[in-house]
$ cat coords10.cif   # mmCIF, C-alpha atoms (C1' of nucleotides)
data_query
loop_
_atom_site.group_PDB
_atom_site.id
_atom_site.type_symbol
_atom_site.label_atom_id
_atom_site.label_comp_id
_atom_site.auth_asym_id
_atom_site.auth_seq_id
_atom_site.Cartn_x
_atom_site.Cartn_y
_atom_site.Cartn_z
ATOM 1 C CA MET A 1 -27.905 18.892 18.306
ATOM 2 C CA GLN A 2 -27.042 17.272 21.595
ATOM 3 C CA LYS A 3 -24.010 18.276 23.576
ATOM 4 C CA GLY A 4 -21.036 16.273 24.830
ATOM 5 C CA LYS A 5 -18.562 15.329 22.193
ATOM 6 C CA GLU A 6 -14.883 14.878 21.690
ATOM 7 C CA GLU A 7 -12.363 14.533 18.891
ATOM 8 C CA ILE A 8 -12.262 16.241 15.581
ATOM 9 C CA CYS A 9 -15.598 15.330 14.176
ATOM 10 C CA GLU A 10 -19.130 16.506 14.612
ATOM 11 C CA ILE A 11 -20.503 13.369 16.088
ATOM 12 C CA THR A 12 -23.896 13.445 17.632
ATOM 13 C CA PHE A 13 -24.861 9.850 18.098
ATOM 14 C CA ILE A 14 -22.575 7.248 19.471
ATOM 15 C CA ASP A 15 -22.948 3.976 21.262
ATOM 16 C CA ARG A 16 -20.553 4.992 23.999
ATOM 17 C CA LYS A 17 -20.359 1.598 25.648
ATOM 18 C CA LYS A 18 -19.465 -0.138 22.433
ATOM 19 C CA VAL A 19 -16.969 2.534 21.464
ATOM 20 C CA SER A 20 -15.141 2.561 24.780
ATOM 21 C CA SER A 21 -15.132 -1.220 24.858
ATOM 22 C CA VAL A 22 -13.458 -1.358 21.463
ATOM 23 C CA LYS A 23 -11.188 1.535 22.385
ATOM 24 C CA LYS A 24 -9.753 -0.538 25.213
ATOM 25 C CA LYS A 25 -9.010 -3.404 22.862
ATOM 26 C CA MET A 26 -7.329 -1.196 20.272
ATOM 27 C CA LYS A 27 -3.570 -1.643 19.921
ATOM 28 C CA PRO A 28 -1.241 1.307 20.499
ATOM 29 C CA GLU A 29 -0.875 3.798 17.691
ATOM 30 C CA ALA A 30 2.706 2.671 17.015
ATOM 31 C CA THR A 31 1.597 -0.924 16.639
ATOM 32 C CA MET A 32 -1.101 0.072 14.208
ATOM 33 C CA GLN A 33 1.403 2.086 12.197
ATOM 34 C CA SER A 34 3.808 -0.848 11.997
ATOM 35 C CA LEU A 35 0.999 -3.130 11.016
ATOM 36 C CA ALA A 36 -0.083 -0.799 8.234
ATOM 37 C CA GLU A 37 3.486 -0.265 7.105
ATOM 38 C CA THR A 38 4.151 -3.970 6.867
ATOM 39 C CA PHE A 39 1.082 -4.525 4.745
ATOM 40 C CA LYS A 40 1.955 -1.525 2.644
ATOM 41 C CA VAL A 41 5.394 -2.847 1.793
ATOM 42 C CA LEU A 42 3.830 -6.095 0.640
ATOM 43 C CA GLY A 43 1.209 -4.176 -1.306
ATOM 44 C CA ASP A 44 3.156 -3.315 -4.420
ATOM 45 C CA PRO A 45 3.119 -5.787 -7.336
ATOM 46 C CA THR A 46 6.850 -5.525 -7.962
ATOM 47 C CA ARG A 47 7.698 -6.180 -4.333
ATOM 48 C CA THR A 48 5.068 -8.892 -4.111
ATOM 49 C CA LYS A 49 6.696 -10.700 -6.993
ATOM 50 C CA ILE A 50 10.188 -10.219 -5.621
ATOM 51 C CA ILE A 51 9.198 -11.705 -2.307
ATOM 52 C CA PHE A 52 7.432 -14.608 -3.939
ATOM 53 C CA ALA A 53 10.465 -15.303 -6.111
ATOM 54 C CA LEU A 54 12.816 -15.136 -3.155
ATOM 55 C CA SER A 55 10.586 -17.501 -1.227
ATOM 56 C CA GLN A 56 11.536 -20.065 -3.861
ATOM 57 C CA GLU A 57 15.229 -19.372 -4.398
ATOM 58 C CA GLU A 58 18.097 -17.129 -3.518
ATOM 59 C CA LEU A 59 18.525 -14.812 -6.516
ATOM 60 C CA CYS A 60 20.757 -12.029 -7.756
ATOM 61 C CA VAL A 61 19.415 -8.667 -8.923
ATOM 62 C CA CYS A 62 19.806 -9.585 -12.584
ATOM 63 C CA ASP A 63 17.892 -12.799 -12.130
ATOM 64 C CA ILE A 64 15.070 -11.004 -10.376
ATOM 65 C CA ALA A 65 14.965 -8.275 -13.015
ATOM 66 C CA ASN A 66 14.839 -10.875 -15.752
ATOM 67 C CA LEU A 67 12.167 -12.850 -13.943
ATOM 68 C CA LEU A 68 9.920 -9.823 -13.534
ATOM 69 C CA GLY A 69 10.714 -8.135 -16.821
ATOM 70 C CA ALA A 70 11.858 -5.027 -15.000
ATOM 71 C CA THR A 71 15.020 -2.964 -15.063
ATOM 72 C CA LYS A 72 17.805 -3.647 -12.609
ATOM 73 C CA SER A 73 17.384 -0.135 -11.295
ATOM 74 C CA ALA A 74 13.718 -0.547 -10.521
ATOM 75 C CA VAL A 75 14.379 -3.857 -8.804
ATOM 76 C CA SER A 76 17.277 -2.430 -6.857
ATOM 77 C CA HIS A 77 15.151 0.443 -5.589
ATOM 78 C CA GLN A 78 12.499 -1.954 -4.378
ATOM 79 C CA LEU A 79 15.069 -4.251 -2.824
ATOM 80 C CA ARG A 80 16.320 -1.345 -0.793
ATOM 81 C CA ILE A 81 12.859 -0.840 0.649
ATOM 82 C CA LEU A 82 12.591 -4.527 1.481
ATOM 83 C CA ARG A 83 16.070 -4.390 3.008
ATOM 84 C CA ASN A 84 15.124 -1.408 5.176
ATOM 85 C CA MET A 85 12.125 -3.323 6.453
ATOM 86 C CA ARG A 86 14.411 -6.289 7.097
ATOM 87 C CA LEU A 87 12.339 -8.531 4.917
ATOM 88 C CA VAL A 88 15.291 -9.552 2.751
ATOM 89 C CA LYS A 89 18.975 -10.062 3.391
ATOM 90 C CA TYR A 90 21.848 -10.161 0.919
ATOM 91 C CA ARG A 91 25.158 -11.835 0.321
ATOM 92 C CA LYS A 92 27.893 -10.500 -1.947
ATOM 93 C CA GLU A 93 29.802 -12.830 -4.228
ATOM 94 C CA GLY A 94 32.204 -10.974 -6.462
ATOM 95 C CA LYS A 95 30.320 -8.463 -8.537
ATOM 96 C CA MET A 96 27.042 -10.069 -7.776
ATOM 97 C CA VAL A 97 24.655 -9.646 -4.882
ATOM 98 C CA PHE A 98 22.394 -12.485 -3.890
ATOM 99 C CA TYR A 99 19.169 -11.759 -2.093
ATOM 100 C CA SER A 100 17.049 -14.044 0.035
ATOM 101 C CA LEU A 101 14.206 -13.728 2.503
ATOM 102 C CA ASP A 102 15.141 -12.669 5.986
ATOM 103 C CA ASP A 103 11.861 -13.374 7.664
ATOM 104 C CA ASP A 104 9.870 -16.584 7.981
ATOM 105 C CA HIS A 105 6.820 -14.744 9.261
ATOM 106 C CA ILE A 106 6.405 -13.086 5.912
ATOM 107 C CA THR A 107 6.238 -16.424 4.155
ATOM 108 C CA ASN A 108 3.352 -17.475 6.381
ATOM 109 C CA LEU A 109 1.634 -14.154 5.916
ATOM 110 C CA PHE A 110 2.118 -14.529 2.223
ATOM 111 C CA SER A 111 0.707 -18.003 1.845
ATOM 112 C CA GLU A 112 -2.209 -17.077 4.066
ATOM 113 C CA CYS A 113 -3.066 -14.185 1.772
ATOM 114 C CA LEU A 114 -2.469 -16.284 -1.306
ATOM 115 C CA ARG A 115 -4.943 -18.829 -0.002
ATOM 116 C CA HIS A 116 -7.443 -16.020 0.438
ATOM 117 C CA VAL A 117 -6.897 -14.653 -3.046
ATOM 118 C CA GLU A 118 -6.987 -18.011 -4.755
ATOM 119 C CA GLU A 119 -10.136 -19.058 -2.979
ATOM 120 C CA TYR A 120 -12.317 -16.176 -4.079
ATOM 121 C CA ASP A 121 -12.897 -16.054 -7.841
ATOM 122 C CA MET B 122 28.397 -7.879 -24.194
ATOM 123 C CA GLN B 123 27.163 -11.370 -24.871
ATOM 124 C CA LYS B 124 24.117 -12.069 -26.980
ATOM 125 C CA GLY B 125 20.872 -13.850 -26.187
ATOM 126 C CA LYS B 126 18.578 -11.887 -23.977
ATOM 127 C CA GLU B 127 14.924 -11.196 -23.514
ATOM 128 C CA GLU B 128 12.614 -8.760 -21.755
ATOM 129 C CA ILE B 129 13.059 -5.091 -21.168
ATOM 130 C CA CYS B 130 16.358 -4.997 -19.430
ATOM 131 C CA GLU B 131 19.951 -5.219 -20.476
ATOM 132 C CA ILE B 132 20.775 -8.398 -18.679
ATOM 133 C CA THR B 133 23.962 -10.163 -19.522
ATOM 134 C CA PHE B 134 24.437 -12.693 -16.799
ATOM 135 C CA ILE B 135 21.702 -14.937 -15.559
ATOM 136 C CA ASP B 136 21.484 -18.292 -13.921
ATOM 137 C CA ARG B 137 19.032 -19.548 -16.483
ATOM 138 C CA LYS B 138 18.218 -22.795 -14.720
ATOM 139 C CA LYS B 139 17.371 -21.057 -11.491
ATOM 140 C CA VAL B 140 15.355 -18.368 -13.236
ATOM 141 C CA SER B 141 13.280 -20.760 -15.315
ATOM 142 C CA SER B 142 12.745 -22.972 -12.305
ATOM 143 C CA VAL B 143 11.367 -20.047 -10.322
ATOM 144 C CA LYS B 144 9.454 -18.821 -13.339
ATOM 145 C CA LYS B 145 7.516 -22.071 -13.411
ATOM 146 C CA LYS B 146 6.591 -21.683 -9.777
ATOM 147 C CA MET B 147 5.462 -18.088 -10.162
ATOM 148 C CA LYS B 148 1.731 -17.509 -9.871
ATOM 149 C CA PRO B 149 -0.189 -15.933 -12.768
ATOM 150 C CA GLU B 150 0.052 -12.178 -13.170
ATOM 151 C CA ALA B 151 -3.584 -11.746 -12.110
ATOM 152 C CA THR B 152 -2.972 -13.648 -8.896
ATOM 153 C CA MET B 153 0.035 -11.506 -8.097
ATOM 154 C CA GLN B 154 -1.974 -8.371 -8.731
ATOM 155 C CA SER B 155 -4.763 -9.525 -6.422
ATOM 156 C CA LEU B 156 -2.240 -10.455 -3.787
ATOM 157 C CA ALA B 157 -0.615 -7.031 -3.963
ATOM 158 C CA GLU B 158 -3.968 -5.283 -4.014
ATOM 159 C CA THR B 159 -5.148 -7.104 -0.924
ATOM 160 C CA PHE B 160 -2.032 -6.168 0.991
ATOM 161 C CA LYS B 161 -2.296 -2.631 -0.280
ATOM 162 C CA VAL B 162 -5.817 -2.186 1.037
ATOM 163 C CA LEU B 163 -4.660 -3.338 4.448
ATOM 164 C CA GLY B 164 -1.654 -1.038 4.223
ATOM 165 C CA ASP B 165 -3.218 2.254 5.225
ATOM 166 C CA PRO B 166 -3.364 3.181 8.920
ATOM 167 C CA THR B 167 -6.957 4.372 8.784
ATOM 168 C CA ARG B 168 -8.131 1.198 7.104
ATOM 169 C CA THR B 169 -5.965 -0.925 9.376
ATOM 170 C CA LYS B 170 -7.666 0.604 12.390
ATOM 171 C CA ILE B 171 -11.126 0.275 10.900
ATOM 172 C CA ILE B 172 -10.589 -3.396 10.248
ATOM 173 C CA PHE B 173 -9.176 -3.983 13.687
ATOM 174 C CA ALA B 174 -12.132 -2.187 15.269
ATOM 175 C CA LEU B 175 -14.626 -4.153 13.203
ATOM 176 C CA SER B 176 -12.915 -7.376 14.172
ATOM 177 C CA GLN B 177 -14.065 -6.562 17.707
ATOM 178 C CA GLU B 178 -17.565 -5.203 17.139
ATOM 179 C CA GLU B 179 -20.113 -4.229 14.545
ATOM 180 C CA LEU B 180 -20.007 -0.431 14.391
ATOM 181 C CA CYS B 181 -21.717 2.482 12.669
ATOM 182 C CA VAL B 182 -19.790 5.142 10.759
ATOM 183 C CA CYS B 183 -20.079 7.639 13.600
ATOM 184 C CA ASP B 184 -18.701 5.182 16.114
ATOM 185 C CA ILE B 185 -15.766 4.378 13.879
ATOM 186 C CA ALA B 186 -15.074 8.053 13.250
ATOM 187 C CA ASN B 187 -15.173 8.762 16.955
ATOM 188 C CA LEU B 188 -12.946 5.794 17.710
ATOM 189 C CA LEU B 189 -10.311 6.875 15.224
ATOM 190 C CA GLY B 190 -10.615 10.612 15.729
ATOM 191 C CA ALA B 191 -11.379 11.075 12.053
ATOM 192 C CA THR B 192 -14.203 12.728 10.158
ATOM 193 C CA LYS B 193 -17.201 10.737 9.027
ATOM 194 C CA SER B 194 -16.335 11.639 5.471
ATOM 195 C CA ALA B 195 -12.818 10.253 5.670
ATOM 196 C CA VAL B 196 -14.094 7.065 7.269
ATOM 197 C CA SER B 197 -16.859 6.711 4.720
ATOM 198 C CA HIS B 198 -14.396 7.044 1.867
ATOM 199 C CA GLN B 199 -12.231 4.307 3.328
ATOM 200 C CA LEU B 200 -15.221 2.099 4.033
ATOM 201 C CA ARG B 201 -16.146 2.291 0.391
ATOM 202 C CA ILE B 202 -12.751 0.928 -0.546
ATOM 203 C CA LEU B 203 -13.104 -1.887 1.960
ATOM 204 C CA ARG B 204 -16.616 -2.552 0.646
ATOM 205 C CA ASN B 205 -15.393 -2.738 -2.925
ATOM 206 C CA MET B 206 -12.798 -5.289 -1.865
ATOM 207 C CA ARG B 207 -15.549 -7.185 -0.048
ATOM 208 C CA LEU B 208 -13.683 -6.997 3.211
ATOM 209 C CA VAL B 209 -16.600 -5.400 5.046
ATOM 210 C CA LYS B 210 -20.358 -5.706 4.763
ATOM 211 C CA TYR B 211 -23.043 -3.353 6.021
ATOM 212 C CA ARG B 212 -26.524 -3.353 7.406
ATOM 213 C CA LYS B 213 -28.872 -0.381 7.414
ATOM 214 C CA GLU B 214 -30.957 0.413 10.424
ATOM 215 C CA GLY B 215 -32.893 3.636 9.991
ATOM 216 C CA LYS B 216 -30.518 6.459 9.317
ATOM 217 C CA MET B 217 -27.565 4.486 10.513
ATOM 218 C CA VAL B 218 -25.340 2.052 8.707
ATOM 219 C CA PHE B 219 -23.619 -0.684 10.648
ATOM 220 C CA TYR B 220 -20.445 -2.185 9.296
ATOM 221 C CA SER B 221 -18.844 -5.506 10.089
ATOM 222 C CA LEU B 222 -16.153 -7.739 8.655
ATOM 223 C CA ASP B 223 -17.151 -9.829 5.683
ATOM 224 C CA ASP B 224 -14.144 -12.070 5.577
ATOM 225 C CA ASP B 225 -12.676 -14.423 8.137
ATOM 226 C CA HIS B 226 -9.492 -14.838 6.152
ATOM 227 C CA ILE B 227 -8.598 -11.229 6.806
ATOM 228 C CA THR B 228 -8.816 -11.746 10.540
ATOM 229 C CA ASN B 229 -6.291 -14.557 10.303
ATOM 230 C CA LEU B 230 -4.068 -12.535 8.042
ATOM 231 C CA PHE B 231 -4.331 -9.690 10.457
ATOM 232 C CA SER B 232 -3.424 -11.568 13.592
ATOM 233 C CA GLU B 233 -0.579 -13.262 11.770
ATOM 234 C CA CYS B 234 0.873 -9.889 10.848
ATOM 235 C CA LEU B 235 0.186 -8.510 14.298
ATOM 236 C CA ARG B 236 2.165 -11.379 15.782
ATOM 237 C CA HIS B 237 5.001 -10.508 13.446
ATOM 238 C CA VAL B 238 4.928 -6.810 14.329
ATOM 239 C CA GLU B 239 4.632 -7.351 18.059
ATOM 240 C CA GLU B 240 7.460 -9.848 18.079
ATOM 241 C CA TYR B 241 10.108 -7.616 16.595
ATOM 242 C CA ASP B 242 10.890 -4.573 18.706
ATOM 243 C "C1'" DA C 243 -43.930 19.686 5.156
ATOM 244 C "C1'" DA C 244 -39.844 21.294 7.277
ATOM 245 C "C1'" DA C 245 -35.839 20.590 9.997
ATOM 246 C "C1'" DA C 246 -32.323 17.638 11.641
ATOM 247 C "C1'" DT C 247 -29.036 14.125 11.188
ATOM 248 C "C1'" DG C 248 -26.316 9.767 9.645
ATOM 249 C "C1'" DA C 249 -24.083 8.761 5.711
ATOM 250 C "C1'" DT C 250 -22.316 9.119 0.964
ATOM 251 C "C1'" DT C 251 -20.162 11.443 -2.837
ATOM 252 C "C1'" DG C 252 -17.225 14.321 -6.077
ATOM 253 C "C1'" DA C 253 -13.802 17.759 -6.673
ATOM 254 C "C1'" DA C 254 -9.671 19.798 -5.104
ATOM 255 C "C1'" DC C 255 -5.443 19.687 -2.799
ATOM 256 C "C1'" DA C 256 -1.294 18.143 -0.794
ATOM 257 C "C1'" DC C 257 1.456 14.287 -0.321
ATOM 258 C "C1'" DT C 258 3.464 9.986 -1.456
ATOM 259 C "C1'" DT C 259 5.502 6.730 -4.486
ATOM 260 C "C1'" DA C 260 7.232 3.716 -8.456
ATOM 261 C "C1'" DT C 261 9.811 3.971 -12.533
ATOM 262 C "C1'" DT C 262 13.168 5.931 -15.594
ATOM 263 C "C1'" DC C 263 17.426 8.026 -16.693
ATOM 264 C "C1'" DA C 264 22.054 9.077 -15.966
ATOM 265 C "C1'" DA C 265 25.887 8.963 -13.160
ATOM 266 C "C1'" DC C 266 28.507 6.386 -10.200
ATOM 267 C "C1'" DT C 267 30.866 2.400 -7.358
ATOM 268 C "C1'" DA C 268 33.001 -1.941 -7.051
ATOM 269 C "C1'" DT C 269 34.608 -6.093 -8.713
ATOM 270 C "C1'" DA C 270 36.464 -9.010 -12.518
ATOM 271 C "C1'" DA C 271 38.635 -9.909 -16.861
ATOM 272 C "C1'" DT C 272 41.666 -8.713 -20.619
ATOM 273 C "C1'" DA D 273 45.732 -0.020 -16.402
ATOM 274 C "C1'" DT D 274 41.800 -0.342 -19.120
ATOM 275 C "C1'" DT D 275 37.420 -2.184 -20.133
ATOM 276 C "C1'" DA D 276 33.221 -4.398 -19.000
ATOM 277 C "C1'" DT D 277 29.653 -5.412 -16.001
ATOM 278 C "C1'" DA D 278 26.590 -6.165 -11.551
ATOM 279 C "C1'" DG D 279 24.611 -3.205 -8.703
ATOM 280 C "C1'" DT D 280 23.405 1.167 -6.325
ATOM 281 C "C1'" DT D 281 21.901 5.829 -6.033
ATOM 282 C "C1'" DG D 282 19.802 10.620 -6.660
ATOM 283 C "C1'" DA D 283 16.924 13.552 -9.277
ATOM 284 C "C1'" DA D 284 13.003 14.075 -12.065
ATOM 285 C "C1'" DT D 285 8.658 12.830 -13.605
ATOM 286 C "C1'" DA D 286 4.209 10.864 -13.770
ATOM 287 C "C1'" DA D 287 0.709 8.410 -11.477
ATOM 288 C "C1'" DG D 288 -1.743 7.341 -7.450
ATOM 289 C "C1'" DT D 289 -3.814 8.272 -2.840
ATOM 290 C "C1'" DG D 290 -5.981 10.139 1.593
ATOM 291 C "C1'" DT D 291 -8.206 13.951 3.584
ATOM 292 C "C1'" DT D 292 -11.013 17.960 3.530
ATOM 293 C "C1'" DC D 293 -14.811 20.673 2.095
ATOM 294 C "C1'" DA D 294 -19.211 21.338 0.324
ATOM 295 C "C1'" DA D 295 -23.139 19.490 -1.570
ATOM 296 C "C1'" DT D 296 -26.354 15.847 -1.556
ATOM 297 C "C1'" DC D 297 -29.215 11.683 -0.282
ATOM 298 C "C1'" DA D 298 -32.093 9.202 2.939
ATOM 299 C "C1'" DT D 299 -34.421 8.604 6.991
ATOM 300 C "C1'" DT D 300 -36.372 10.271 11.206
ATOM 301 C "C1'" DT D 301 -38.512 13.692 14.099
ATOM 302 C "C1'" DT D 302 -41.139 17.635 15.081
#
$ encode --input "coords10.cif" --output "structure tokens"
Amino acid sequence: MQKGKEEICEITFIDRKKVSSVKKKMKPEATMQSLAETFKVLGDPTRTKIIFALSQEELCVCDIANLLGATKSAVSHQLRILRNMRLVKYRKEGKMVFYSLDDDHITNLFSECLRHVEEYD
Amino acid sequence: MQKGKEEICEITFIDRKKVSSVKKKMKPEATMQSLAETFKVLGDPTRTKIIFALSQEELCVCDIANLLGATKSAVSHQLRILRNMRLVKYRKEGKMVFYSLDDDHITNLFSECLRHVEEYD
DNA sequence: AAAATGATTGAACACTTATTCAACTATAAT
DNA sequence: ATTATAGTTGAATAAGTGTTCAATCATTTT
């Protein structure tokens, strides 16, 4: 077992040049976390559907719940997450609350991924 | 409480025109699931970093583990998930296994999201 | 053949998370 | 004011997930 290692793991063979080259290109930890978090928020079927629906029309919670076949509560919980991530915004009109997308980037991201998914099988 | 409802939830007020209009535009359930699943796979920091690293260079498991400061085991587990989703491919060379990206779409998706993340705060 | 090593795997564990249920708020209608 | 309803919220529960640890496989080296 050769000497000279770092980090947590018991690594014994590394292409140091390659690794340090890639290491330089790596984004900061915080950026990576944000990146992962953004994908994660989009990575739940209920939220995926909500965002797709809102990309078509401004909708109230009831409409969304009806559209997805989910309870208002479940939808509301998910909307809160999307709100916290600033992916959706809302507008109150009497008793009702209308939601719409707050971020054009997401629409692009979405259609890009949709293209990917629809292409393969 | 007015009559005429469908689905699971106790919905009493819906803009039926809007809802059915959006319903028509909705993608099939399977498509939505794939979409969500794809985002989900990208939505873990370890996998995010692996994919970013592989977008720069072909790397073996040890190199990736060293780069991320994770154990080989943890990396291997995540690589299996990425393999199953056909996001990475591998090449054996002796004892070592070299991984690389298997999908150009993901790179686009990735840089699109990165642009989004780096733009806001 | 035996030892060493890169990599994979399964089980266990701690942690996260999505939905449900019930209670609650706020607005509108009677 | 009372009732009804759109929506939110917190707690509880069940399901899912990432890492670690130990064992194992596969290939190379001695």
$ interface_residues --input "coords10.cif" --of "chain B" --to "chain A" --cutoff "8 Å" --atoms "only C-alpha atoms" --output "PDB file with C-alpha atoms, keeping the file's coordinate frame"
ATOM      1  CA  GLU B 127      14.924 -11.196 -23.514  1.00  0.00           C
ATOM      2  CA  GLU B 128      12.614  -8.760 -21.755  1.00  0.00           C
ATOM      3  CA  ILE B 129      13.059  -5.091 -21.168  1.00  0.00           C
ATOM      4  CA  CYS B 130      16.358  -4.997 -19.430  1.00  0.00           C
ATOM      5  CA  GLU B 131      19.951  -5.219 -20.476  1.00  0.00           C
ATOM      6  CA  ILE B 132      20.775  -8.398 -18.679  1.00  0.00           C
ATOM      7  CA  PHE B 134      24.437 -12.693 -16.799  1.00  0.00           C
ATOM      8  CA  ILE B 135      21.702 -14.937 -15.559  1.00  0.00           C
ATOM      9  CA  ASP B 136      21.484 -18.292 -13.921  1.00  0.00           C
ATOM     10  CA  LYS B 139      17.371 -21.057 -11.491  1.00  0.00           C
ATOM     11  CA  VAL B 140      15.355 -18.368 -13.236  1.00  0.00           C
ATOM     12  CA  VAL B 143      11.367 -20.047 -10.322  1.00  0.00           C
ATOM     13  CA  LYS B 144       9.454 -18.821 -13.339  1.00  0.00           C
ATOM     14  CA  LYS B 146       6.591 -21.683  -9.777  1.00  0.00           C
ATOM     15  CA  MET B 147       5.462 -18.088 -10.162  1.00  0.00           C
ATOM     16  CA  THR B 152      -2.972 -13.648  -8.896  1.00  0.00           C
ATOM     17  CA  MET B 153       0.035 -11.506  -8.097  1.00  0.00           C
ATOM     18  CA  GLN B 154      -1.974  -8.371  -8.731  1.00  0.00           C
ATOM     19  CA  SER B 155      -4.763  -9.525  -6.422  1.00  0.00           C
ATOM     20  CA  LEU B 156      -2.240 -10.455  -3.787  1.00  0.00           C
ATOM     21  CA  ALA B 157      -0.615  -7.031  -3.963  1.00  0.00           C
ATOM     22  CA  GLU B 158      -3.968  -5.283  -4.014  1.00  0.00           C
ATOM     23  CA  THR B 159      -5.148  -7.104  -0.924  1.00  0.00           C
ATOM     24  CA  PHE B 160      -2.032  -6.168   0.991  1.00  0.00           C
ATOM     25  CA  LYS B 161      -2.296  -2.631  -0.280  1.00  0.00           C
ATOM     26  CA  VAL B 162      -5.817  -2.186   1.037  1.00  0.00           C
ATOM     27  CA  LEU B 163      -4.660  -3.338   4.448  1.00  0.00           C
ATOM     28  CA  GLY B 164      -1.654  -1.038   4.223  1.00  0.00           C
ATOM     29  CA  ASP B 165      -3.218   2.254   5.225  1.00  0.00           C
ATOM     30  CA  PRO B 166      -3.364   3.181   8.920  1.00  0.00           C
ATOM     31  CA  THR B 169      -5.965  -0.925   9.376  1.00  0.00           C
ATOM     32  CA  LYS B 170      -7.666   0.604  12.390  1.00  0.00           C
ATOM     33  CA  PHE B 173      -9.176  -3.983  13.687  1.00  0.00           C
ATOM     34  CA  ALA B 174     -12.132  -2.187  15.269  1.00  0.00           C
ATOM     35  CA  GLN B 177     -14.065  -6.562  17.707  1.00  0.00           C
ATOM     36  CA  GLU B 178     -17.565  -5.203  17.139  1.00  0.00           C
ATOM     37  CA  CYS B 183     -20.079   7.639  13.600  1.00  0.00           C
ATOM     38  CA  ASP B 184     -18.701   5.182  16.114  1.00  0.00           C
ATOM     39  CA  ILE B 185     -15.766   4.378  13.879  1.00  0.00           C
ATOM     40  CA  ALA B 186     -15.074   8.053  13.250  1.00  0.00           C
ATOM     41  CA  ASN B 187     -15.173   8.762  16.955  1.00  0.00           C
ATOM     42  CA  LEU B 188     -12.946   5.794  17.710  1.00  0.00           C
ATOM     43  CA  GLY B 190     -10.615  10.612  15.729  1.00  0.00           C
ATOM     44  CA  ALA B 191     -11.379  11.075  12.053  1.00  0.00           C
ATOM     45  CA  THR B 192     -14.203  12.728  10.158  1.00  0.00           C
ATOM     46  CA  LYS B 193     -17.201  10.737   9.027  1.00  0.00           C
ATOM     47  CA  HIS B 226      -9.492 -14.838   6.152  1.00  0.00           C
ATOM     48  CA  ASN B 229      -6.291 -14.557  10.303  1.00  0.00           C
ATOM     49  CA  LEU B 230      -4.068 -12.535   8.042  1.00  0.00           C
ATOM     50  CA  GLU B 233      -0.579 -13.262  11.770  1.00  0.00           C
ATOM     51  CA  CYS B 234       0.873  -9.889  10.848  1.00  0.00           C
ATOM     52  CA  LEU B 235       0.186  -8.510  14.298  1.00  0.00           C
ATOM     53  CA  HIS B 237       5.001 -10.508  13.446  1.00  0.00           C
ATOM     54  CA  VAL B 238       4.928  -6.810  14.329  1.00  0.00           C
ATOM     55  CA  GLU B 239       4.632  -7.351  18.059  1.00  0.00           C
TER      56      GLU B 239
END
$ interface_residues --input "coords10.cif" --of "chain C" --to "chain B" --cutoff "8 Å" --atoms "all atoms listed in the file" --output "JSON, numbers by chain"
{"C": [248, 249, 250]}
$ interface_residues --input "coords10.cif" --of "chain D" --to "chain B" --cutoff "8 Å" --atoms "only C-alpha atoms (C1' of nucleotides)" --output "ChimeraX atom specification"
/D:276,290-291,298-300
$ resolve_selection --input "coords10.cif" --expression "the PyMOL selection byres ((chain D and resi 285) around 12)" --output "mmCIF file with C-alpha atoms (C1' of nucleotides), in the frame of the given file"
data_model
loop_
_atom_site.group_PDB
_atom_site.id
_atom_site.type_symbol
_atom_site.label_atom_id
_atom_site.label_comp_id
_atom_site.auth_asym_id
_atom_site.auth_seq_id
_atom_site.Cartn_x
_atom_site.Cartn_y
_atom_site.Cartn_z
ATOM 1 C "C1'" DT C 259 5.502 6.730 -4.486
ATOM 2 C "C1'" DA C 260 7.232 3.716 -8.456
ATOM 3 C "C1'" DT C 261 9.811 3.971 -12.533
ATOM 4 C "C1'" DT C 262 13.168 5.931 -15.594
ATOM 5 C "C1'" DC C 263 17.426 8.026 -16.693
ATOM 6 C "C1'" DA D 283 16.924 13.552 -9.277
ATOM 7 C "C1'" DA D 284 13.003 14.075 -12.065
ATOM 8 C "C1'" DA D 286 4.209 10.864 -13.770
ATOM 9 C "C1'" DA D 287 0.709 8.410 -11.477
#
$ axis_aligned_box --input "coords10.cif" --around "segment 243-257 of chain C" --padding-each-side "4 Å" --output "AutoDock Vina command-line options"
--center_x -21.2 --center_y 15.0 --center_z 2.5 --size_x 53.4 --size_y 20.5 --size_z 26.3
$ atom_distance --input "coords10.cif" --atom1 "atom CA of Asn205 of chain B" --atom2 "atom C1' of DC257 of chain C"
24.1 Å
$ atom_distance --input "coords10.cif" --atom1 "atom C1' of DA265 of chain C" --atom2 "atom C1' of DG282 of chain D"
9.1 Å
$ closest_residue --input "coords10.cif" --among "D:DT292, D:DT281, D:DT275, D:DT302" --to "DA264 of chain C" --atoms "only C-alpha atoms (C1' of nucleotides)"
D:DT281
$ atom_distance --input "coords10.cif" --atom1 "atom CA of Ser100 of chain A" --atom2 "atom CA of Val88 of chain A"
5.5 Å
$ closest_residue --input "coords10.cif" --among "A:Met85, A:Ile50, A:Leu79, A:Lys92" --to "DA278 of chain D" --atoms "only C-alpha atoms (C1' of nucleotides)"
A:Lys92
$ closest_residue --input "coords10.cif" --among "C:DT267, C:DT272, C:DT251, C:DT258" --to "DC293 of chain D" --atoms "only C-alpha atoms (C1' of nucleotides)"
C:DT251
